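Asker: Dropping in protein25.cif, which is mmCIF, C-alpha atoms and all ligand atoms:
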```
data_model
#
loop_
_atom_site.label_atom_id
_atom_site.label_comp_id
_atom_site.auth_asym_id
_atom_site.auth_seq_id
_atom_site.Cartn_x
_atom_site.Cartn_y
_atom_site.Cartn_z
CA MET A 264 28.33 6.86 5.58
CA PRO A 265 30.55 7.10 2.49
CA ASN A 266 34.27 7.29 3.19
CA PRO A 267 35.07 10.97 3.80
CA ILE A 268 38.56 10.55 2.33
CA PHE A 269 36.82 10.33 -1.03
CA SER A 270 33.36 11.83 -0.51
CA THR A 271 34.83 15.21 0.43
CA LEU A 272 37.20 15.36 -2.54
CA PRO A 273 36.51 17.55 -5.56
CA THR A 274 36.91 16.13 -9.08
CA THR A 275 40.60 16.24 -9.97
CA ILE A 276 41.83 19.54 -11.35
CA PHE A 277 42.84 17.75 -14.57
CA GLU A 278 39.34 16.41 -15.13
CA GLU A 279 37.77 19.73 -14.16
CA MET A 280 39.86 21.76 -16.59
CA SER A 281 39.67 19.20 -19.42
CA GLY A 282 35.89 19.10 -18.90
CA LEU A 283 35.69 22.88 -19.21
CA ALA A 284 37.94 22.77 -22.29
CA ARG A 285 35.62 20.19 -23.87
CA SER A 286 32.44 22.09 -23.06
CA THR A 287 33.76 25.51 -24.13
CA GLY A 288 35.86 24.29 -27.08
CA ALA A 289 38.98 25.82 -25.51
CA ILE A 290 42.53 24.83 -26.42
CA ASN A 291 43.70 22.45 -23.71
CA LEU A 292 47.11 23.30 -22.24
CA GLY A 293 45.93 21.89 -18.90
CA GLN A 294 46.01 18.11 -18.48
CA GLY A 295 49.32 16.63 -19.61
CA PHE A 296 49.00 14.69 -22.85
CA PRO A 297 50.65 15.02 -26.25
CA GLU A 298 48.61 16.28 -29.16
CA ASP A 299 50.16 13.87 -31.65
CA ALA A 300 49.15 10.24 -31.80
CA GLY A 301 52.37 8.69 -30.43
CA PRO A 302 54.93 6.36 -32.05
CA GLU A 303 53.20 4.60 -34.92
CA ALA A 304 55.23 1.40 -34.82
CA ILE A 305 54.22 0.73 -31.21
CA ARG A 306 50.59 1.48 -31.92
CA ALA A 307 50.69 -0.82 -34.96
CA LYS A 308 52.20 -3.53 -32.78
CA ALA A 309 49.39 -3.12 -30.22
CA ALA A 310 46.73 -3.23 -32.95
CA ASP A 311 48.21 -6.43 -34.36
CA LEU A 312 48.36 -7.96 -30.90
CA VAL A 313 44.70 -7.17 -30.24
CA LEU A 314 43.76 -9.02 -33.43
CA ASN A 315 46.28 -11.82 -33.47
CA GLY A 316 47.74 -11.94 -29.99
CA TYR A 317 46.67 -13.32 -26.65
CA ASN A 318 43.68 -11.56 -25.11
CA GLN A 319 43.15 -13.54 -21.92
CA TYR A 320 44.51 -12.91 -18.44
CA PRO A 321 48.26 -12.45 -18.45
CA PRO A 322 50.34 -13.49 -15.40
CA MET A 323 49.56 -11.37 -12.32
CA PRO A 324 53.03 -9.69 -12.02
CA GLY A 325 53.05 -8.89 -15.75
CA LEU A 326 54.10 -10.57 -19.00
CA PRO A 327 57.60 -12.04 -18.63
CA GLU A 328 58.66 -10.32 -21.87
CA LEU A 329 57.66 -6.90 -20.48
CA ARG A 330 59.29 -7.51 -17.11
CA GLN A 331 62.47 -8.54 -18.91
CA ALA A 332 62.27 -5.51 -21.20
CA VAL A 333 61.78 -3.16 -18.23
CA ALA A 334 64.79 -4.64 -16.40
CA ALA A 335 66.90 -4.41 -19.57
CA HIS A 336 65.79 -0.83 -20.25
CA TYR A 337 66.69 0.34 -16.75
CA GLY A 338 70.01 -1.45 -17.14
CA ARG A 339 70.79 0.41 -20.37
CA ALA A 340 69.30 3.79 -19.46
CA GLN A 341 70.12 4.06 -15.76
CA GLY A 342 72.77 1.43 -15.04
CA LEU A 343 70.48 -0.56 -12.72
CA GLU A 344 70.73 -4.30 -12.26
CA LEU A 345 67.27 -5.69 -11.69
CA ASP A 346 66.12 -9.28 -11.43
CA TRP A 347 63.04 -9.23 -13.66
CA GLN A 348 61.48 -12.15 -11.83
CA GLY A 349 61.82 -10.96 -8.27
CA GLU A 350 61.99 -7.21 -8.69
CA VAL A 351 59.65 -6.03 -11.48
CA THR A 352 55.85 -5.80 -11.36
CA VAL A 353 53.60 -4.50 -14.15
CA THR A 354 50.64 -2.36 -13.07
CA SER A 355 47.76 -0.50 -14.67
CA GLY A 356 49.61 2.78 -14.93
CA ALA A 357 51.73 4.54 -12.36
CA THR A 358 48.48 5.45 -10.59
CA GLU A 359 47.93 1.82 -9.68
CA ALA A 360 51.62 1.35 -8.90
CA LEU A 361 51.43 4.19 -6.39
CA ALA A 362 48.27 2.76 -4.85
CA ALA A 363 49.84 -0.72 -4.60
CA ALA A 364 52.91 0.77 -2.93
CA PHE A 365 50.93 2.86 -0.45
CA LEU A 366 48.33 0.20 0.37
CA GLY A 367 50.82 -2.65 0.41
CA LEU A 368 53.50 -1.03 2.52
CA ILE A 369 52.06 1.63 4.83
CA GLU A 370 50.80 0.53 8.24
CA PRO A 371 48.31 2.67 10.17
CA GLY A 372 50.14 5.43 12.02
CA ASP A 373 53.23 5.40 9.81
CA GLU A 374 54.41 8.88 8.95
CA VAL A 375 54.95 9.52 5.26
CA ILE A 376 56.95 12.54 4.09
CA VAL A 377 55.52 14.12 0.93
CA PHE A 378 56.56 17.25 -0.90
CA GLN A 379 54.15 19.97 -1.96
CA PRO A 380 53.37 20.62 -4.79
CA LEU A 381 52.18 16.99 -4.91
CA TYR A 382 50.54 14.80 -7.49
CA ASP A 383 46.87 14.51 -6.68
CA SER A 384 46.57 10.77 -6.13
CA TYR A 385 49.13 10.55 -3.29
CA LEU A 386 47.32 11.85 -0.22
CA PRO A 387 43.95 10.07 -0.52
CA ILE A 388 45.60 6.67 -0.89
CA ILE A 389 48.21 7.32 1.80
CA ARG A 390 45.32 8.19 4.12
CA LEU A 391 43.28 5.18 3.05
CA ALA A 392 46.25 3.05 4.11
CA GLY A 393 46.22 4.80 7.51
CA GLY A 394 49.41 6.77 6.82
CA VAL A 395 49.98 10.18 8.35
CA PRO A 396 51.29 12.60 5.69
CA LYS A 397 54.02 15.05 6.73
CA LEU A 398 54.13 17.87 4.21
CA VAL A 399 57.30 19.62 3.10
CA SER A 400 56.40 22.72 1.08
CA LEU A 401 58.51 23.74 -1.87
CA GLN A 402 58.30 27.28 -3.23
CA PRO A 403 58.80 28.80 -6.65
CA PRO A 404 60.88 29.81 -8.47
CA HIS A 405 63.45 27.09 -7.58
CA TRP A 406 61.25 24.56 -5.70
CA ARG A 407 64.31 23.23 -3.82
CA PHE A 408 64.53 21.61 -0.38
CA ASP A 409 67.47 21.76 1.98
CA ARG A 410 68.78 19.78 4.95
CA VAL A 411 67.02 21.96 7.53
CA MET A 412 63.62 21.52 5.87
CA LEU A 413 64.08 17.78 5.58
CA GLU A 414 65.39 17.26 9.10
CA ALA A 415 62.35 19.07 10.44
CA ALA A 416 60.11 16.60 8.60
CA PHE A 417 61.73 13.33 9.76
CA SER A 418 60.65 11.90 13.11
CA GLU A 419 60.98 8.55 14.84
CA ASN A 420 57.66 7.53 13.27
CA THR A 421 58.71 8.30 9.69
CA ARG A 422 58.60 5.12 7.62
CA TYR A 423 58.23 6.40 4.04
CA LEU A 424 59.14 9.33 1.85
CA VAL A 425 57.43 9.99 -1.48
CA LEU A 426 59.55 11.61 -4.16
CA ASN A 427 58.39 12.75 -7.59
CA ASN A 428 61.47 13.32 -9.74
CA PRO A 429 61.44 14.74 -12.44
CA ASN A 430 58.74 16.80 -10.84
CA ASN A 431 55.25 17.49 -12.06
CA PRO A 432 54.30 20.38 -11.89
CA ALA A 433 57.60 22.11 -11.04
CA GLY A 434 59.59 20.85 -14.03
CA VAL A 435 62.62 20.35 -11.76
CA VAL A 436 65.06 17.45 -12.24
CA LEU A 437 66.89 16.93 -8.95
CA PRO A 438 70.67 17.36 -8.98
CA ASP A 439 73.04 14.81 -7.53
CA GLU A 440 73.57 16.64 -4.23
CA ASP A 441 69.84 16.70 -3.42
CA LEU A 442 69.51 12.99 -4.11
CA LEU A 443 72.56 12.26 -1.98
CA LEU A 444 71.00 14.21 0.86
CA LEU A 445 67.71 12.32 0.54
CA ALA A 446 69.56 9.00 0.49
CA GLU A 447 71.60 9.94 3.53
CA LEU A 448 68.50 10.84 5.54
CA CYS A 449 66.50 7.80 4.39
CA VAL A 450 69.33 5.51 5.51
CA LYS A 451 69.82 7.37 8.79
CA HIS A 452 66.11 7.18 9.67
CA ASP A 453 65.50 3.71 8.19
CA VAL A 454 62.96 5.12 5.73
CA THR A 455 61.82 3.59 2.43
CA ALA A 456 61.41 5.97 -0.54
CA ILE A 457 58.51 5.59 -2.94
CA CYS A 458 59.87 7.19 -6.09
CA ASP A 459 57.44 8.36 -8.73
CA GLU A 460 59.77 8.61 -11.73
CA VAL A 461 57.16 8.59 -14.49
CA TRP A 462 58.88 11.54 -16.20
CA GLU A 463 62.32 9.87 -16.24
CA GLN A 464 62.61 9.87 -20.04
CA VAL A 465 61.30 13.42 -20.49
CA VAL A 466 64.36 15.44 -19.51
CA PHE A 467 65.94 18.32 -21.43
CA GLY A 468 69.32 19.86 -22.15
CA ASN A 469 72.07 19.09 -19.67
CA ALA A 470 69.71 17.78 -17.00
CA ARG A 471 70.08 14.06 -16.23
CA HIS A 472 67.61 11.85 -14.49
CA ARG A 473 69.24 9.88 -11.69
CA PRO A 474 67.12 7.28 -9.91
CA LEU A 475 67.25 7.45 -6.11
CA ILE A 476 67.49 3.64 -5.99
CA ALA A 477 71.04 3.93 -7.37
CA TYR A 478 72.25 6.00 -4.39
CA PRO A 479 74.23 4.61 -1.45
CA GLY A 480 72.10 2.45 0.83
CA MET A 481 68.94 2.85 -1.30
CA ARG A 482 68.91 -0.37 -3.34
CA GLU A 483 66.86 -2.21 -0.70
CA ARG A 484 64.77 0.77 0.40
CA CYS A 485 63.34 2.20 -2.81
CA VAL A 486 60.21 1.55 -4.78
CA LYS A 487 60.82 2.90 -8.27
CA ILE A 488 57.71 3.62 -10.33
CA GLY A 489 57.63 4.20 -14.09
CA SER A 490 54.96 4.64 -16.77
CA ALA A 491 54.95 3.59 -20.42
CA GLY A 492 52.31 6.28 -20.92
CA LYS A 493 54.93 8.96 -20.34
CA MET A 494 57.83 7.10 -21.95
CA PHE A 495 56.00 6.74 -25.25
CA GLY A 496 53.60 9.68 -25.14
CA LEU A 497 50.61 7.31 -24.95
CA THR A 498 49.08 8.59 -21.75
CA GLY A 499 45.84 6.63 -22.05
CA TRP A 500 47.61 3.28 -22.15
CA LYS A 501 48.02 2.97 -18.40
CA VAL A 502 50.87 0.49 -18.40
CA GLY A 503 53.06 1.15 -15.38
CA PHE A 504 55.88 -0.72 -13.69
CA ILE A 505 57.42 -1.03 -10.26
CA ALA A 506 61.04 -1.94 -9.63
CA ALA A 507 61.92 -2.80 -6.04
CA ALA A 508 63.97 -5.26 -3.99
CA PRO A 509 62.34 -8.71 -3.62
CA GLN A 510 60.85 -8.20 -0.14
CA LEU A 511 59.15 -4.97 -1.20
CA THR A 512 58.07 -6.44 -4.53
CA HIS A 513 56.53 -9.46 -2.79
CA THR A 514 54.25 -7.24 -0.68
CA LEU A 515 53.44 -4.76 -3.44
CA ALA A 516 52.40 -7.57 -5.73
CA ARG A 517 49.94 -8.77 -3.07
CA ALA A 518 48.28 -5.35 -3.13
CA HIS A 519 48.40 -5.20 -6.94
CA GLN A 520 46.67 -8.58 -7.24
CA PHE A 521 43.55 -7.19 -5.58
CA LEU A 522 43.61 -3.73 -7.11
CA THR A 523 43.60 -4.71 -10.78
CA PHE A 524 45.26 -8.16 -10.85
CA THR A 525 46.57 -7.53 -14.39
CA THR A 526 46.89 -5.04 -17.24
CA PRO A 527 45.80 -5.65 -20.89
CA PRO A 528 48.26 -8.20 -22.33
CA ASN A 529 48.40 -6.70 -25.82
CA LEU A 530 49.42 -3.29 -24.47
CA GLN A 531 52.00 -4.95 -22.23
CA ALA A 532 53.47 -6.83 -25.20
CA ALA A 533 53.49 -3.68 -27.35
CA VAL A 534 55.32 -1.77 -24.59
CA ALA A 535 57.84 -4.61 -24.30
CA TRP A 536 58.46 -4.39 -28.04
CA GLY A 537 58.67 -0.59 -27.78
CA LEU A 538 61.28 -0.69 -25.03
CA GLU A 539 63.46 -2.93 -27.20
CA HIS A 540 63.11 -0.67 -30.27
CA ALA A 541 63.04 2.77 -28.69
CA ASP A 542 66.56 4.16 -28.92
CA ASP A 543 65.65 6.70 -31.60
CA TRP A 544 62.43 7.64 -29.87
CA PHE A 545 64.13 8.19 -26.51
CA ARG A 546 66.71 10.40 -28.25
CA ASP A 547 64.32 12.41 -30.44
CA MET A 548 61.24 12.77 -28.22
CA PRO A 549 62.88 15.01 -25.56
CA ARG A 550 64.48 17.15 -28.28
CA ALA A 551 61.14 17.77 -29.96
CA LEU A 552 59.55 18.58 -26.62
CA GLU A 553 62.38 20.92 -25.76
CA ARG A 554 61.68 22.87 -28.95
CA SER A 555 58.00 23.09 -28.00
CA ARG A 556 58.94 24.21 -24.49
CA ASP A 557 61.07 26.97 -25.95
CA ARG A 558 58.39 28.07 -28.39
CA LEU A 559 55.82 28.39 -25.62
CA SER A 560 58.25 29.99 -23.21
CA GLN A 561 59.51 32.57 -25.72
CA GLY A 562 56.01 33.42 -26.90
CA LEU A 563 54.82 33.95 -23.34
CA LYS A 564 57.84 36.09 -22.53
CA ARG A 565 57.10 38.24 -25.60
CA GLU A 566 53.63 38.79 -24.15
CA GLY A 567 55.17 39.95 -20.87
CA PHE A 568 54.69 36.81 -18.79
CA ALA A 569 57.32 35.69 -16.28
CA VAL A 570 58.10 32.06 -17.15
CA LEU A 571 59.87 29.63 -14.81
CA PRO A 572 62.49 27.22 -16.19
CA SER A 573 61.52 23.64 -17.00
CA GLN A 574 64.15 20.88 -17.12
CA GLY A 575 61.73 18.01 -17.68
CA THR A 576 58.07 16.82 -17.98
CA TYR A 577 55.52 18.21 -20.46
CA PHE A 578 55.10 21.33 -18.35
CA LEU A 579 56.31 24.84 -17.73
CA ASN A 580 54.96 27.34 -15.25
CA LEU A 581 54.17 31.00 -15.47
CA ASP A 582 54.28 33.24 -12.44
CA LEU A 583 51.25 35.50 -12.34
CA ALA A 584 52.50 37.76 -9.55
CA ALA A 585 55.87 38.27 -11.25
CA SER A 586 53.98 38.91 -14.51
CA GLY A 587 51.96 41.68 -12.88
CA VAL A 588 48.68 39.76 -13.16
CA PRO A 589 46.66 40.75 -10.10
CA VAL A 590 44.58 37.59 -9.51
CA GLY A 591 45.13 34.14 -8.04
CA ASP A 592 45.92 31.11 -10.20
CA ARG A 593 42.48 29.52 -9.97
CA ASP A 594 40.62 32.71 -10.90
CA PHE A 595 43.02 33.26 -13.77
CA CYS A 596 42.56 29.71 -15.07
CA LEU A 597 38.76 29.92 -14.85
CA ARG A 598 38.70 33.18 -16.79
CA ALA A 599 41.24 31.83 -19.28
CA VAL A 600 39.17 28.76 -20.09
CA ASN A 601 35.72 30.37 -19.93
CA GLU A 602 36.46 33.72 -21.56
CA ALA A 603 39.72 33.43 -23.48
CA GLY A 604 39.51 29.86 -24.84
CA VAL A 605 42.56 28.26 -23.22
CA ALA A 606 42.71 25.73 -20.37
CA ALA A 607 45.61 25.66 -17.89
CA ILE A 608 46.19 24.19 -14.42
CA PRO A 609 46.34 26.30 -11.24
CA VAL A 610 49.30 24.96 -9.25
CA SER A 611 47.52 25.69 -5.94
CA ALA A 612 45.61 22.47 -6.66
CA PHE A 613 48.86 20.58 -5.96
CA TYR A 614 49.00 21.89 -2.38
CA GLU A 615 46.94 20.58 0.49
CA ALA A 616 47.92 23.34 2.91
CA ASP A 617 49.29 26.87 2.53
CA PRO A 618 49.04 26.83 -1.25
CA VAL A 619 51.22 28.84 -3.57
CA THR A 620 48.56 30.73 -5.55
CA SER A 621 50.48 32.61 -8.21
CA ILE A 622 51.65 29.80 -10.49
CA VAL A 623 49.89 28.43 -13.57
CA ARG A 624 51.03 25.18 -15.23
CA LEU A 625 50.96 24.87 -19.01
CA CYS A 626 51.43 21.72 -21.08
CA PHE A 627 53.68 22.21 -24.12
CA SER A 628 53.47 18.75 -25.73
CA LYS A 629 51.39 20.29 -28.51
CA ARG A 630 51.68 21.31 -32.17
CA ASP A 631 53.17 24.71 -32.94
CA GLU A 632 49.79 26.13 -34.07
CA THR A 633 48.22 25.08 -30.78
CA LEU A 634 51.03 26.62 -28.75
CA ASP A 635 50.84 29.86 -30.76
CA ALA A 636 47.08 30.07 -30.32
CA GLY A 637 47.52 29.28 -26.61
CA ILE A 638 49.98 32.16 -26.22
CA GLU A 639 47.57 34.56 -27.91
CA ARG A 640 44.70 33.42 -25.71
CA LEU A 641 46.71 33.61 -22.51
CA ALA A 642 47.59 37.20 -23.46
CA LYS A 643 43.87 37.79 -23.97
CA ALA A 644 43.12 36.33 -20.53
CA ARG A 645 45.68 38.64 -19.06
CA ALA A 646 44.06 41.66 -20.77
CA LEU A 647 40.62 40.57 -19.52
CA VAL A 648 41.91 40.36 -15.98
CA ALA A 649 43.56 43.79 -16.27
CA ALA A 650 40.25 45.24 -17.49
CA GLY A 651 38.62 43.92 -14.28
N1 LIG A 701 52.63 10.52 -11.25
C1 LIG A 701 52.84 11.67 -11.87
C2 LIG A 701 53.80 12.66 -11.29
C3 LIG A 701 52.19 11.97 -13.05
O1 LIG A 701 52.40 13.14 -13.65
C4 LIG A 701 51.27 11.02 -13.59
C5 LIG A 701 50.48 11.29 -14.82
N2 LIG A 701 50.84 12.34 -15.55
C6 LIG A 701 51.09 9.83 -12.91
C7 LIG A 701 51.78 9.60 -11.74
C8 LIG A 701 50.13 8.79 -13.39
O2 LIG A 701 50.65 8.01 -14.42
P1 LIG A 701 49.77 6.92 -15.20
O3 LIG A 701 49.00 7.64 -16.24
O4 LIG A 701 50.76 5.95 -15.74
O5 LIG A 701 48.86 6.29 -14.19
N1 LIG A 702 49.36 13.47 -14.90
C1 LIG A 702 48.55 14.27 -15.77
C2 LIG A 702 48.87 15.74 -15.54
O1 LIG A 702 49.59 16.07 -14.65
C3 LIG A 702 47.09 14.08 -15.47
C4 LIG A 702 46.66 12.68 -15.25
C5 LIG A 702 45.22 12.67 -14.80
O2 LIG A 702 44.40 13.41 -15.32
N2 LIG A 702 44.93 11.90 -13.82
O3 LIG A 702 48.38 16.54 -16.27
#
```
Is it possible to give me this structure as structure tokens?
Ligand code: PMP
Ligand code: GLN
Answerer:
Amino acid sequence: MPNPIFSTLPTTIFEEMSGLARSTGAINLGQGFPEDAGPEAIRAKAADLVLNGYNQYPPMPGLPELRQAVAAHYGRAQGLELDWQGEVTVTSGATEALAAAFLGLIEPGDEVIVFQPLYDSYLPIIRLAGGVPKLVSLQPPHWRFDRVMLEAAFSENTRYLVLNNPNNPAGVVLPDEDLLLLAELCVKHDVTAICDEVWEQVVFGNARHRPLIAYPGMRERCVKIGSAGKMFGLTGWKVGFIAAAPQLTHTLARAHQFLTFTTPPNLQAAVAWGLEHADDWFRDMPRALERSRDRLSQGLKREGFAVLPSQGTYFLNLDLAASGVPVGDRDFCLRAVNEAGVAAIPVSAFYEADPVTSIVRLCFSKRDETLDAGIERLAKARALVAAG
């Protein structure tokens, strides 16, 4: 018998909607990837390294130069002090980092607190490791948790908590008081946090990304996961990293060595170079994205859609119910891609139980023309739905 954890799963919503966009020729505002090619200097570096660099197995925990660059970057950007040798592991994307954390750390029967909406790779791998997910459901428009909700989720069997901050799909960047509360409860219940912070550099306006590992009592009980794909807008590169205290890193690296063992050395070296030369990029990239966010948001509002705020990520959400659109998110997205020529993501796909069904996620890391055409087509989808 095939493993039901996987055999019963549908194709991911990102693949499904991108597949429909490809087959129908629709504009793709679904899966999160930038439309432009990404920073040229880093791509040129990678190309040179493929031709002239080292193309054999790199060291299992990652190239020393990348591990050093990651530690230095987190020192500069987030004030963290990391020992690159004992505390940094390079993985094949954040997806592998998450899998290494879940498979390496969770013991059968451990309870793992996860927030809905949740990124799609979490639950299958938590279950594969024998973990028992405990869901905390967040609701639009604010998607916030409070002490009562959290205390109801912790039990004497809770060993891990998974946090995605900045949050995909909600676009929320957690404020200080929420992180303090999480830290307090993790310490009180002796829980380790697995922090998916892939969107840490994609934060807008006055919002600030603060890593949970920097909070009181969390230095030894956090696994911090990042992704060069998101930092540099090169989502296909799949170069991820894990920062964690030595004991955690030791175990994670044992899982990593049998998941992928390593990650292409030329991409690792190009990311290392990028991290050392990225000050302008890290300043300009969020500003450009913020302008795109505003263009999409304003255009949708002009068409009568209710748009939720986005403080970070490539995404904003529209609220169908508040926009007076009388169908669920999945039906709307299927009609939008099949009949109106624009792909989007139904946020119900990020819930395992009791889904919120009125929210549609849109990716704004696109050229102005694409965003404008997307707005027009979403308005068309809305008119189609209204016509029945
Ligand atoms: N976690 C979250 C919240 C994400 O949004 C993504 C991808 N967008 C990932 C993990 C996976 O990152 P990677 O492509 O580096 O595997
Ligand atoms: N993280 C991307 C998104 O949220 C999708 C990545 C994937 O397709 N696995 O759109």
Asker: Output the neighbourhood of ligand LIG 702 (chain A) as number ranges by chain, that is, all protein and nucleic acid residues with some atom at most 10 Å from the ligand, counting all atoms listed in the file.
Answerer: A: 275-281, 292-296, 357-358, 382-384, 430-432, 461-462, 492-493, 498-499, 576-578, 607-608, 613, 624-626
Asker: In terms of the shortest atom-to-atom distance over all atoms listed in the file, which of A:Asp299, A:Phe365, A:Pro404, A:Ile476 is closest to Leu386 (chain A)?
Answerer: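 Of A:Asp299, A:Phe365, A:Pro404, A:Ile476, the one nearest Leu386 (chain A), counting all atoms listed in the file, is A:Phe365.
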Asker: What's around Gly562 (chain A) at 10 Å? Count all atoms listed in the file, leave out sequence neighbours fewer than 6 positions away in its own chain, and write the answer as an mmCIF file with C-alpha atoms, keeping the file's coordinate frame.
Answerer:
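Everything below was put into selection_0.cif:
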```
data_model
loop_
_atom_site.group_PDB
_atom_site.id
_atom_site.type_symbol
_atom_site.label_atom_id
_atom_site.label_comp_id
_atom_site.auth_asym_id
_atom_site.auth_seq_id
_atom_site.Cartn_x
_atom_site.Cartn_y
_atom_site.Cartn_z
ATOM 1 C CA ARG A 556 58.940 24.210 -24.490
ATOM 2 C CA PHE A 568 54.690 36.810 -18.790
ATOM 3 C CA LEU A 634 51.030 26.620 -28.750
ATOM 4 C CA ASP A 635 50.840 29.860 -30.760
ATOM 5 C CA GLY A 637 47.520 29.280 -26.610
ATOM 6 C CA ILE A 638 49.980 32.160 -26.220
ATOM 7 C CA GLU A 639 47.570 34.560 -27.910
ATOM 8 C CA ALA A 642 47.590 37.200 -23.460
#
```
Asker: What's the 8 Å shell around Val605 (chain A), counting all atoms listed in the file, without same-chain residues fewer than 4 positions away, as a ChimeraX atom specification?
Answerer: /A:284,289-292,599-601,637,640-641
Asker: When distances are computed from all atoms listed in the file, which of A:Leu283, A:Leu401, A:Val436, A:Ala363 shows the smallest separation from Arg473 (chain A)?
Answerer: A:Val436
Asker: Just the residues within 12 Å of Val454 (chain A), please, counting all atoms listed in the file, with nothing from its chain fewer than 4 positions along; format it as JSON, numbers by chain.
Answerer: {"A": [368, 369, 373, 374, 375, 376, 417, 418, 419, 420, 421, 422, 423, 424, 425, 445, 446, 447, 448, 449, 450, 480, 481, 483, 484, 485, 486]}
Asker: For a quick check of understanding, using all atoms listed in the file, which of A:Pro387, A:Leu530, A:Pro509, A:Ala362 has the smallest distance to Ser270 (chain A)?
Answerer: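 Closest candidate: A:Pro387.
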Asker: In Å, with one decimal, what is the gap from CA of Glu350 (chain A) to CA of Ala334 (chain A)?
Answerer: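 If I compute the distance from CA of Glu350 (chain A) to CA of Ala334 (chain A), I get 8.6 Å.
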Asker: Using all atoms listed in the file, which protein or nucleic acid residues come within 10 Å of Pro572 (chain A)? Drop anything in the same chain fewer than 2 positions from it, and give the result as an mmCIF file with C-alpha atoms, in the frame of the given file.
Answerer:
```cif
data_model
loop_
_atom_site.group_PDB
_atom_site.id
_atom_site.type_symbol
_atom_site.label_atom_id
_atom_site.label_comp_id
_atom_site.auth_asym_id
_atom_site.auth_seq_id
_atom_site.Cartn_x
_atom_site.Cartn_y
_atom_site.Cartn_z
ATOM 1 C CA PRO A 404 60.880 29.810 -8.470
ATOM 2 C CA HIS A 405 63.450 27.090 -7.580
ATOM 3 C CA ALA A 433 57.600 22.110 -11.040
ATOM 4 C CA GLY A 434 59.590 20.850 -14.030
ATOM 5 C CA VAL A 435 62.620 20.350 -11.760
ATOM 6 C CA ARG A 556 58.940 24.210 -24.490
ATOM 7 C CA ASP A 557 61.070 26.970 -25.950
ATOM 8 C CA SER A 560 58.250 29.990 -23.210
ATOM 9 C CA ALA A 569 57.320 35.690 -16.280
ATOM 10 C CA VAL A 570 58.100 32.060 -17.150
ATOM 11 C CA GLN A 574 64.150 20.880 -17.120
ATOM 12 C CA GLY A 575 61.730 18.010 -17.680
ATOM 13 C CA PHE A 578 55.100 21.330 -18.350
ATOM 14 C CA LEU A 579 56.310 24.840 -17.730
ATOM 15 C CA ASN A 580 54.960 27.340 -15.250
ATOM 16 C CA LEU A 581 54.170 31.000 -15.470
#
```
Asker: So how far away is CA of Arg554 (chain A) from CA of Val590 (chain A), in Å?
Answerer: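 According to the coordinates, CA of Val590 (chain A) and CA of Arg554 (chain A) are separated by 29.8 Å.
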Asker: Can you pull out every residue within 8 Å of Thr523 (chain A), counting all atoms listed in the file, but drop anything in the same chain fewer than 5 positions away, and send it as a list in words?
Answerer: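 In the requested form, the answer reads Thr354, Ser355 and Glu359 of chain A.
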Asker: Would you mind exporting C-alpha atoms of the selected residues as a PDB file, keeping the file's coordinate frame?
Answerer:
```pdb
ATOM      1  CA  THR A 354      50.640  -2.360 -13.070  1.00  0.00           C
ATOM      2  CA  SER A 355      47.760  -0.500 -14.670  1.00  0.00           C
ATOM      3  CA  GLU A 359      47.930   1.820  -9.680  1.00  0.00           C
TER       4      GLU A 359
END
```
Asker: Given the choices A:Trp347, A:Trp500, A:Phe524, A:Tyr320, which gets closest to ligand LIG 701 (chain A) if the distance is worked out from only C-alpha atoms and all ligand atoms?
Answerer: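 Comparing A:Trp347, A:Trp500, A:Phe524, A:Tyr320 against ligand LIG 701 (chain A), the winner is A:Trp500.
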Asker: Find the residue from A:Ala332, A:Leu442, A:Ala392, A:Cys458 that sits nearest to ligand LIG 701 (chain A); use all atoms listed in the file when measuring.
Answerer: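 Checking each of A:Ala332, A:Leu442, A:Ala392, A:Cys458 against ligand LIG 701 (chain A), counting all atoms listed in the file, the winner is A:Cys458.
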Asker: Compare A:Ala506, A:Ala585, A:Asn469, A:Leu444 by their minimum atom-to-atom distance to Glu414 (chain A), counting only C-alpha atoms, and give me the closest one.
Answerer: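 Among A:Ala506, A:Ala585, A:Asn469, A:Leu444, it is A:Leu444 that comes nearest to Glu414 (chain A).
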Asker: Find the distance between atom C1 of ligand LIG 701 (chain A) and CA of Pro609 (chain A) and write it in Å to one decimal.
Answerer: 16.0 Å
Asker: Take every atom of ligand LIG 701 (chain A) listed in the file, pad by 5 Å on each side, and give me the axis-aligned box centre and edge lengths in Å, one decimal, as JSON.
Answerer:
```
{"center_x": 51.3, "center_y": 9.5, "center_z": -13.7, "size_x": 14.9, "size_y": 17.2, "size_z": 15.0}
```
